[in-house]
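Source file coords_3.txt; content: compact mmCIF, C-alpha atoms.
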```txt
# COMPACT_ATOMS: atom_id res chain seq x y z
CA MET B 23 0.00 0.00 0.00
CA HIS B 24 2.23 2.81 -1.23
CA GLU B 25 -0.68 4.69 -2.79
CA LEU B 26 -1.05 6.91 0.28
CA GLY B 27 2.48 8.29 -0.06
CA ILE B 28 2.05 8.75 -3.80
CA MET B 29 -1.22 10.58 -3.29
CA GLU B 30 0.39 12.79 -0.66
CA SER B 31 2.99 13.94 -3.17
CA ALA B 32 0.24 14.42 -5.76
CA ILE B 33 -1.75 16.70 -3.48
CA GLU B 34 1.39 18.58 -2.48
CA ALA B 35 2.05 19.28 -6.17
CA VAL B 36 -1.57 20.21 -6.78
CA LEU B 37 -1.73 22.64 -3.86
CA ALA B 38 1.58 24.25 -4.83
CA GLN B 39 0.28 24.83 -8.36
CA ALA B 40 -3.01 26.19 -7.06
CA ARG B 41 -1.21 28.63 -4.75
CA GLY B 42 1.11 29.67 -7.56
CA HIS B 43 -1.93 30.60 -9.63
CA ASP B 44 -3.67 32.45 -6.79
CA ALA B 45 -6.43 29.87 -6.62
CA THR B 46 -8.18 29.13 -3.35
CA GLN B 47 -10.21 26.12 -4.35
CA VAL B 48 -9.35 22.97 -6.30
CA HIS B 49 -12.36 21.47 -8.06
CA GLN B 50 -10.86 18.62 -10.02
CA VAL B 51 -7.63 16.63 -10.11
CA VAL B 52 -6.79 14.52 -13.15
CA LEU B 53 -4.12 11.84 -12.77
CA ARG B 54 -2.51 9.76 -15.52
CA ILE B 55 -1.70 6.28 -14.30
CA GLY B 56 0.13 3.75 -16.47
CA ALA B 57 -1.14 0.17 -16.62
CA LEU B 58 2.33 -0.96 -15.52
CA SER B 59 2.89 1.73 -12.88
CA GLY B 60 2.32 -0.77 -10.08
CA VAL B 61 -0.32 1.49 -8.55
CA GLU B 62 -3.89 0.49 -7.85
CA PRO B 63 -6.45 3.14 -8.93
CA GLU B 64 -8.96 2.06 -6.26
CA ALA B 65 -6.34 2.45 -3.53
CA LEU B 66 -5.50 5.89 -4.98
CA ARG B 67 -9.14 6.91 -4.64
CA LEU B 68 -9.23 5.87 -0.99
CA ALA B 69 -5.98 7.72 -0.34
CA PHE B 70 -7.27 10.81 -2.14
CA ASP B 71 -10.25 11.17 0.19
CA ALA B 72 -7.92 10.92 3.16
CA VAL B 73 -5.29 13.41 2.05
CA VAL B 74 -7.52 16.22 0.70
CA LYS B 75 -9.28 16.66 4.06
CA ASP B 76 -8.93 20.19 5.43
CA THR B 77 -7.10 21.42 2.33
CA PRO B 78 -8.26 23.68 -0.53
CA ALA B 79 -8.73 20.43 -2.48
CA ALA B 80 -11.29 19.03 -0.03
CA GLY B 81 -14.31 17.74 -1.94
CA ALA B 82 -12.53 17.94 -5.28
CA ASP B 83 -13.37 15.39 -7.94
CA LEU B 84 -10.67 12.84 -8.77
CA GLU B 85 -10.37 11.60 -12.30
CA ILE B 86 -7.94 8.82 -13.19
CA GLU B 87 -6.90 8.38 -16.81
CA THR B 88 -5.37 4.98 -17.41
CA VAL B 89 -2.46 4.94 -19.84
CA PRO B 90 -2.29 1.59 -21.65
CA ALA B 91 1.03 -0.18 -22.03
CA ARG B 92 2.89 0.06 -25.35
CA GLY B 93 5.98 -1.82 -26.39
CA ARG B 94 8.60 -1.51 -29.12
CA CYS B 95 10.05 -4.41 -31.02
CA PRO B 96 13.88 -4.49 -30.86
CA ASN B 97 13.87 -6.43 -34.12
CA CYS B 98 11.63 -4.44 -36.49
CA ASP B 99 11.19 -1.23 -34.46
CA LEU B 100 7.39 -1.47 -34.57
CA GLU B 101 5.53 0.22 -31.73
CA PHE B 102 2.50 -1.72 -30.59
CA ALA B 103 -0.29 -1.85 -27.99
CA VAL B 104 0.06 -4.52 -25.32
CA ASP B 105 -2.68 -6.82 -24.08
CA THR B 106 -3.64 -6.95 -20.43
CA ASP B 107 -1.41 -9.99 -19.95
CA PHE B 108 1.63 -7.70 -20.44
CA VAL B 109 3.44 -10.12 -22.69
CA PHE B 110 5.03 -7.81 -25.26
CA THR B 111 4.76 -9.90 -28.39
CA CYS B 112 5.45 -7.96 -31.58
CA PRO B 113 2.41 -8.38 -33.84
CA ARG B 114 4.63 -8.23 -36.95
CA CYS B 115 7.56 -10.52 -36.22
CA ARG B 116 6.30 -12.33 -33.07
CA ARG B 117 9.45 -11.47 -31.12
CA VAL B 118 8.89 -10.91 -27.40
CA SER B 119 10.16 -7.49 -26.42
CA GLY B 120 11.26 -6.11 -23.08
CA GLU B 121 11.11 -2.55 -24.28
CA LEU B 122 8.40 -0.38 -22.79
CA VAL B 123 7.57 2.93 -24.46
CA GLN B 124 4.49 3.76 -22.42
CA GLY B 125 2.68 2.41 -19.36
CA ARG B 126 4.72 3.42 -16.31
CA GLU B 127 3.20 6.93 -16.07
CA LEU B 128 2.36 8.24 -12.65
CA GLU B 129 1.58 11.92 -12.92
CA VAL B 130 -0.77 14.80 -12.24
CA ALA B 131 -2.05 15.74 -15.69
CA ARG B 132 -4.12 18.82 -14.90
CA ILE B 133 -6.30 20.45 -12.29
CA GLN B 134 -9.32 22.69 -12.25
CA VAL B 135 -9.16 25.62 -9.83
CA SER B 136 -10.80 28.87 -8.99
CA MET R 26 -18.14 11.28 0.82
CA ASN R 27 -18.68 15.01 0.50
CA ALA R 28 -20.37 16.25 -2.61
CA PRO R 29 -17.86 18.23 -4.67
CA PRO R 30 -18.46 21.96 -4.32
CA ALA R 31 -20.08 23.28 -7.48
CA PRO R 32 -17.60 25.36 -9.46
CA PRO R 33 -18.63 29.00 -9.31
CA ALA R 34 -20.11 30.28 -12.53
CA GLY R 35 -18.04 32.50 -14.78
CA PRO R 36 -14.46 32.60 -15.94
CA ALA R 37 -13.00 32.12 -12.46
CA VAL R 38 -12.69 28.36 -12.94
CA ARG R 39 -9.49 27.55 -14.83
CA THR R 40 -7.81 24.41 -15.97
CA LEU R 41 -4.09 24.21 -15.27
CA GLU R 42 -2.01 21.74 -17.28
CA ILE R 43 0.56 20.34 -14.89
CA ARG R 44 2.09 17.11 -16.23
CA GLN R 45 4.10 16.56 -13.09
CA SER R 46 5.46 13.14 -12.18
CA LEU R 47 4.46 11.93 -8.74
CA LEU R 48 7.79 10.21 -8.41
CA GLU R 49 9.78 13.30 -9.33
CA GLY R 50 11.20 13.72 -5.81
CA ASN R 51 12.24 10.08 -5.64
CA ASP R 52 13.65 10.06 -9.16
CA ARG R 53 15.72 13.16 -8.45
CA GLN R 54 17.16 11.57 -5.31
CA ALA R 55 17.77 8.31 -7.19
CA ALA R 56 19.77 10.18 -9.83
CA GLN R 57 21.80 11.76 -7.05
CA ASN R 58 22.43 8.33 -5.47
CA ARG R 59 23.49 7.00 -8.87
CA ARG R 60 26.05 9.82 -9.26
CA LEU R 61 27.36 9.22 -5.73
CA PHE R 62 27.77 5.48 -6.34
CA ARG R 63 29.49 6.10 -9.66
CA ASP R 64 31.88 8.65 -8.16
CA LEU R 65 32.76 6.20 -5.39
CA GLY R 66 33.21 3.35 -7.89
CA VAL R 67 30.48 1.31 -6.19
CA VAL R 68 28.01 -0.81 -8.15
CA ALA R 69 24.61 -0.89 -6.46
CA LEU R 70 22.12 -3.74 -6.81
CA ASN R 71 18.49 -3.58 -5.72
CA LEU R 72 17.24 -6.99 -4.57
CA VAL R 73 13.48 -7.37 -4.72
CA SER R 74 11.17 -10.30 -4.00
CA SER R 75 8.22 -11.53 -1.97
CA PRO R 76 8.91 -12.06 1.73
CA GLY R 77 10.75 -15.34 2.25
CA SER R 78 12.20 -15.78 -1.24
CA GLY R 79 15.73 -15.97 0.07
CA LYS R 80 17.19 -12.47 -0.30
CA THR R 81 18.92 -12.57 3.07
CA SER R 82 20.23 -16.13 2.62
CA LEU R 83 21.67 -15.18 -0.76
CA LEU R 84 23.32 -12.11 0.74
CA GLU R 85 24.70 -14.05 3.71
CA ARG R 86 26.45 -16.42 1.36
CA THR R 87 27.50 -13.71 -1.10
CA LEU R 88 28.95 -11.37 1.54
CA THR R 89 30.90 -14.22 3.10
CA GLU R 90 32.18 -15.90 -0.07
CA PHE R 91 32.30 -13.22 -2.75
CA GLY R 92 32.91 -10.54 -0.10
CA ALA R 93 36.06 -12.36 1.02
CA THR R 94 37.90 -11.06 -2.05
CA THR R 95 35.71 -8.15 -3.19
CA PRO R 96 34.82 -5.39 -0.71
CA CYS R 97 31.03 -5.32 -0.39
CA ALA R 98 28.46 -3.49 1.73
CA ALA R 99 24.76 -3.99 2.31
CA ILE R 100 21.65 -2.02 3.17
CA VAL R 101 18.69 -4.09 4.33
CA GLY R 102 15.12 -2.92 4.56
CA ASP R 103 12.39 -4.41 6.73
CA LEU R 104 9.28 -3.11 8.40
CA GLU R 105 10.65 -3.99 11.84
CA THR R 106 13.64 -5.63 13.61
CA ASP R 107 17.32 -5.66 12.70
CA ASN R 108 17.39 -9.47 12.48
CA ASP R 109 18.54 -9.42 8.86
CA ALA R 110 21.35 -6.97 9.55
CA ARG R 111 22.49 -9.14 12.46
CA ARG R 112 22.50 -12.20 10.20
CA LEU R 113 24.55 -10.35 7.59
CA ARG R 114 27.00 -8.88 10.10
CA ARG R 115 28.46 -12.35 10.57
CA SER R 116 30.41 -11.44 7.43
CA THR R 117 32.97 -8.66 7.50
CA ALA R 118 30.97 -6.38 5.20
CA PRO R 119 29.48 -3.21 6.68
CA VAL R 120 25.70 -3.51 6.94
CA VAL R 121 23.05 -0.91 7.71
CA GLN R 122 19.46 -1.80 8.55
CA ILE R 123 16.58 0.43 7.53
CA THR R 124 13.37 -0.18 9.44
CA THR R 125 10.61 1.40 7.43
CA GLY R 126 7.87 1.11 10.08
CA SER R 127 4.87 0.72 7.86
CA ALA R 128 6.33 1.67 4.47
CA CYS R 129 6.16 -1.27 2.09
CA HIS R 130 9.24 -0.38 0.02
CA LEU R 131 12.53 1.47 0.19
CA ASP R 132 12.77 4.84 -1.50
CA ALA R 133 15.80 6.73 -2.78
CA GLY R 134 15.85 9.06 0.25
CA MET R 135 16.05 6.16 2.71
CA VAL R 136 18.89 4.63 0.70
CA SER R 137 20.73 7.95 0.60
CA ARG R 138 20.53 8.33 4.39
CA ALA R 139 21.58 4.70 4.94
CA ALA R 140 24.47 5.08 2.48
CA GLY R 141 25.64 8.05 4.54
CA ARG R 142 25.99 5.74 7.54
CA LEU R 143 28.11 3.23 5.59
CA GLN R 144 31.79 3.62 4.81
CA LEU R 145 31.30 3.19 1.08
CA ALA R 146 34.70 4.44 -0.02
CA GLY R 147 36.76 1.47 -1.18
CA ARG R 148 33.69 -0.77 -1.50
CA ARG R 149 32.95 -2.23 -4.93
CA LEU R 150 29.46 -3.67 -4.53
CA LEU R 151 26.50 -2.36 -2.57
CA PHE R 152 23.61 -4.78 -2.11
CA ILE R 153 20.32 -3.12 -1.26
CA GLU R 154 17.85 -5.67 0.09
CA ASN R 155 14.41 -4.18 -0.42
CA VAL R 156 11.39 -4.80 1.80
CA GLY R 157 9.80 -8.15 0.91
CA ASN R 158 7.08 -7.07 -1.50
CA LEU R 159 6.54 -7.68 -5.21
CA VAL R 160 4.30 -4.68 -5.84
CA CYS R 161 5.43 -1.37 -4.38
CA PRO R 162 9.22 -1.53 -4.95
CA ALA R 163 8.53 -1.62 -8.72
CA SER R 164 7.81 2.11 -8.79
CA PHE R 165 10.81 3.29 -6.79
CA ASP R 166 14.20 3.74 -8.40
CA LEU R 167 16.87 3.66 -5.70
CA GLY R 168 19.76 4.67 -7.95
CA GLU R 169 20.79 1.06 -8.52
CA LYS R 170 22.75 -0.17 -11.50
CA LEU R 171 20.97 -3.49 -11.56
CA ARG R 172 17.57 -4.64 -10.37
CA VAL R 173 17.56 -8.25 -9.26
CA VAL R 174 14.21 -9.98 -8.73
CA LEU R 175 14.13 -13.28 -6.83
CA LEU R 176 11.52 -15.97 -7.35
CA SER R 177 11.76 -19.00 -5.07
CA ALA R 178 10.73 -22.58 -5.70
CA ALA R 179 8.23 -22.19 -2.86
CA GLU R 180 6.22 -19.76 -4.99
CA GLY R 181 4.13 -20.36 -8.09
CA GLU R 182 5.73 -20.63 -11.52
CA ASP R 183 3.24 -18.01 -12.72
CA LYS R 184 4.42 -15.23 -10.39
CA PRO R 185 5.94 -13.25 -13.32
CA LEU R 186 2.53 -13.26 -15.02
CA LYS R 187 0.78 -12.17 -11.82
CA TYR R 188 3.21 -9.36 -10.96
CA PRO R 189 4.28 -7.96 -14.35
CA PRO R 190 5.42 -4.46 -13.24
CA ILE R 191 8.24 -5.73 -11.06
CA PHE R 192 9.37 -8.50 -13.42
CA LYS R 193 9.17 -6.10 -16.35
CA SER R 194 11.71 -3.90 -14.60
CA ALA R 195 14.15 -6.72 -13.76
CA ASP R 196 17.69 -6.84 -15.15
CA VAL R 197 18.29 -10.20 -13.52
CA VAL R 198 15.87 -12.84 -12.24
CA LEU R 199 17.17 -15.40 -9.78
CA LEU R 200 15.20 -18.63 -9.37
CA THR R 201 16.11 -19.50 -5.77
CA LYS R 202 15.77 -22.50 -3.44
CA MET R 203 16.40 -24.80 -6.38
CA ASP R 204 17.48 -27.53 -3.92
CA VAL R 205 13.83 -28.01 -2.89
CA ALA R 206 12.25 -27.40 -6.30
CA GLU R 207 11.61 -31.07 -6.95
CA VAL R 208 10.02 -31.88 -3.63
CA LEU R 209 7.78 -28.82 -3.95
CA GLY R 210 6.80 -29.77 -7.49
CA PHE R 211 8.17 -26.46 -8.79
CA ASP R 212 8.57 -26.56 -12.56
CA SER R 213 11.71 -24.46 -13.09
CA ASN R 214 11.43 -24.56 -16.87
CA ALA R 215 7.87 -23.23 -16.76
CA ALA R 216 8.95 -20.50 -14.34
CA GLU R 217 11.84 -19.50 -16.58
CA GLU R 218 9.55 -19.49 -19.60
CA ASN R 219 7.16 -17.14 -17.77
CA VAL R 220 10.04 -14.83 -16.89
CA ARG R 221 11.09 -14.75 -20.54
CA ARG R 222 7.58 -13.84 -21.64
CA ILE R 223 7.37 -10.85 -19.31
CA ALA R 224 11.03 -9.89 -19.11
CA PRO R 225 12.96 -11.10 -22.17
CA GLN R 226 15.68 -8.58 -21.28
CA ALA R 227 16.45 -10.27 -17.96
CA ARG R 228 19.29 -12.70 -17.35
CA VAL R 229 17.94 -15.77 -15.52
CA ILE R 230 20.02 -17.78 -13.06
CA ARG R 231 18.87 -20.82 -11.10
CA LEU R 232 20.56 -21.30 -7.77
CA SER R 233 20.40 -22.54 -4.23
CA SER R 234 22.00 -20.43 -1.52
CA ARG R 235 21.95 -23.46 0.77
CA THR R 236 23.73 -26.03 -1.39
CA GLY R 237 25.63 -23.50 -3.51
CA ASP R 238 24.35 -24.94 -6.79
CA GLY R 239 24.36 -22.22 -9.44
CA ILE R 240 25.92 -19.69 -7.11
CA ALA R 241 29.06 -19.58 -9.29
CA LEU R 242 26.94 -18.14 -12.11
CA TRP R 243 25.75 -15.39 -9.78
CA TYR R 244 29.32 -14.57 -8.79
CA GLU R 245 30.32 -14.61 -12.45
CA LEU R 246 27.60 -12.05 -13.14
CA LEU R 247 28.88 -9.86 -10.28
CA ARG R 248 32.44 -10.11 -11.60
CA GLY R 249 31.19 -9.15 -15.07
CA LEU R 250 29.54 -6.06 -13.59
CA LEU R 251 32.77 -4.97 -11.95
CA ARG R 252 34.79 -5.57 -15.10
CA ARG R 253 32.45 -3.32 -17.05
CA GLU R 254 32.89 -0.47 -14.57
```
Is it possible to give me this structure as structure tokens?
Amino acid sequence: MHELGIMESAIEAVLAQARGHDATQVHQVVLRIGALSGVEPEALRLAFDAVVKDTPAAGADLEIETVPARGRCPNCDLEFAVDTDFVFTCPRCRRVSGELVQGRELEVARIQVS
Amino acid sequence: MNAPPAPPAGPAVRTLEIRQSLLEGNDRQAAQNRRLFRDLGVVALNLVSSPGSGKTSLLERTLTEFGATTPCAAIVGDLETDNDARRLRRSTAPVVQITTGSACHLDAGMVSRAAGRLQLAGRRLLFIENVGNLVCPASFDLGEKLRVVLLSAAEGEDKPLKYPPIFKSADVVLLTKMDVAEVLGFDSNAAEENVRRIAPQARVIRLSSRTGDGIALWYELLRGLLRRE
């Protein structure tokens, strides 16, 4: 359960941005979470409710955008979407690749403030 | 759950594009650790596995045997107790224990503070034994050169398929406790095949820290790392 710590840093970043833009209320937080980030969206939601208490982000809406995994074939250089089983098989030459081009994202994408 | 406050009408509500990584702080510290290790000529390895997969047993043997000719050091992470550090201190290598309390993984800051308590100058290898957990350590770069994931014969052959993020990030996968694989009905070939499907980039070594079978391959890998430095 490391989602709490990750959400704490997310809210820290959100509140710093809000302050920097002279906002007093955060209405929405949008996170981008990669399918291979090792983070559980449901646990993030629980953590969110806990960490926004008594902050300008209290009551804000949390949106989580999932970023699907994408691999690259070391053999033919093709970039391809990866199934939920996370076996990176190149659809063109059937080679199994270890190269990840997308899917580890763990970031605050944007926020809505006033 | 509180209902979200309705955004006030009018242009006061703004959208701010942020695109900020939540691991930025950790990644910055990890980069700093990496520079420190490089400047000191130390190769750091991050050992990750479920609890009970044999990280400490492997380190006990490695620090005693490999450490007899190559100066090593170790940082060990656990939620509580310094039992692992006490086990490892039977060797001559300096060992620092991190007790994380409730944290389920080591982060780069903890490693930096622990490294500060070790005399790293003159050491060639630093083993960082992560908290036993196959999920959370996947996200946290510690500044290591090599990530080593252990999978023991007491676990299922399909662990790599069940925990893809950590296996995906492995440079090396060690299949451990091979001495009891047969009695446990552990199919090592199937396990290795599953590792290759998730982590084709990883070097796979089968070994037993108890009998020493395969341990020479592990030491050969460590020697190769030092030669490349």
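For the choices R:Lys170, R:Arg63, R:Arg53, R:Lys187, the atom-to-atom distance to chain B is smallest for R:Lys187 when using all atoms listed in the file.
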Could you give me, as a PyMOL selection string, the residues within 7 Å of B:Ala79, counting all atoms listed in the file and dropping anything in the same chain fewer than 5 positions from it? chain B and resi 47-49+74
Report as a VMD selection string all protein, DNA and RNA residues lying within 9 Å of B:Thr106, evaluated on all atoms listed in the file, omitting residues in the same chain fewer than 5 positions from it. chain B and resid 57 90 to 91
Go ahead and save the picked residues with C-alpha atoms, as an mmCIF file, in the coordinates of the input.
```cif
data_model
loop_
_atom_site.group_PDB
_atom_site.id
_atom_site.type_symbol
_atom_site.label_atom_id
_atom_site.label_comp_id
_atom_site.auth_asym_id
_atom_site.auth_seq_id
_atom_site.Cartn_x
_atom_site.Cartn_y
_atom_site.Cartn_z
ATOM 1 C CA ALA B 57 -1.140 0.170 -16.620
ATOM 2 C CA PRO B 90 -2.290 1.590 -21.650
ATOM 3 C CA ALA B 91 1.030 -0.180 -22.030
#
```
Please identify every residue of chain B that has at least one atom no farther than 6 Å from an atom of chain R, counting all atoms listed in the file, and for each give the shortest atom pair and the distance in Å to one decimal, arranged by chain then increasing number, as a tab-separated table.
```
residue	atom	partner	partner_atom	distance
B:Ala32	CA	R:Leu47	CA	5.7
B:Leu58	CA	R:Pro190	CA	5.2
B:Gly60	CA	R:Pro190	CA	5.8
B:Gly81	CA	R:Pro29	CA	4.5
B:Ala82	CA	R:Pro29	CA	5.4
B:Val109	CA	R:Ile223	CA	5.2
B:Gly120	CA	R:Pro225	CA	5.3
B:Leu128	CA	R:Leu47	CA	5.8
B:Glu129	CA	R:Ser46	CA	4.1
B:Val130	CA	R:Gln45	CA	5.2
B:Ala131	CA	R:Arg44	CA	4.4
B:Arg132	CA	R:Glu42	CA	4.3
B:Ile133	CA	R:Leu41	CA	5.3
B:Gln134	CA	R:Thr40	CA	4.4
B:Val135	CA	R:Arg39	CA	5.4
B:Ser136	CA	R:Val38	CA	4.4
```
With C-alpha atoms retained, could you export that selection as a short mmCIF file (atom, residue, chain, number, x, y, z; two decimals), in the coordinates of the input?
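Final output, out29.cif:
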```cif
data_model
loop_
_atom_site.label_atom_id
_atom_site.label_comp_id
_atom_site.auth_asym_id
_atom_site.auth_seq_id
_atom_site.Cartn_x
_atom_site.Cartn_y
_atom_site.Cartn_z
CA ALA B 32 0.24 14.42 -5.76
CA LEU B 58 2.33 -0.96 -15.52
CA GLY B 60 2.32 -0.77 -10.08
CA GLY B 81 -14.31 17.74 -1.94
CA ALA B 82 -12.53 17.94 -5.28
CA VAL B 109 3.44 -10.12 -22.69
CA GLY B 120 11.26 -6.11 -23.08
CA LEU B 128 2.36 8.24 -12.65
CA GLU B 129 1.58 11.92 -12.92
CA VAL B 130 -0.77 14.80 -12.24
CA ALA B 131 -2.05 15.74 -15.69
CA ARG B 132 -4.12 18.82 -14.90
CA ILE B 133 -6.30 20.45 -12.29
CA GLN B 134 -9.32 22.69 -12.25
CA VAL B 135 -9.16 25.62 -9.83
CA SER B 136 -10.80 28.87 -8.99
#
```
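Put simply, atom CA of B:Leu53 is 10.0 Å away from atom CA of B:Met29.
Note that the spacing between atom CA of B:Thr46 and atom CA of B:Gly27 amounts to 23.6 Å.
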Expressed in Å, the length from atom CA of B:Ala65 to atom CA of R:Val156 is 19.9 Å
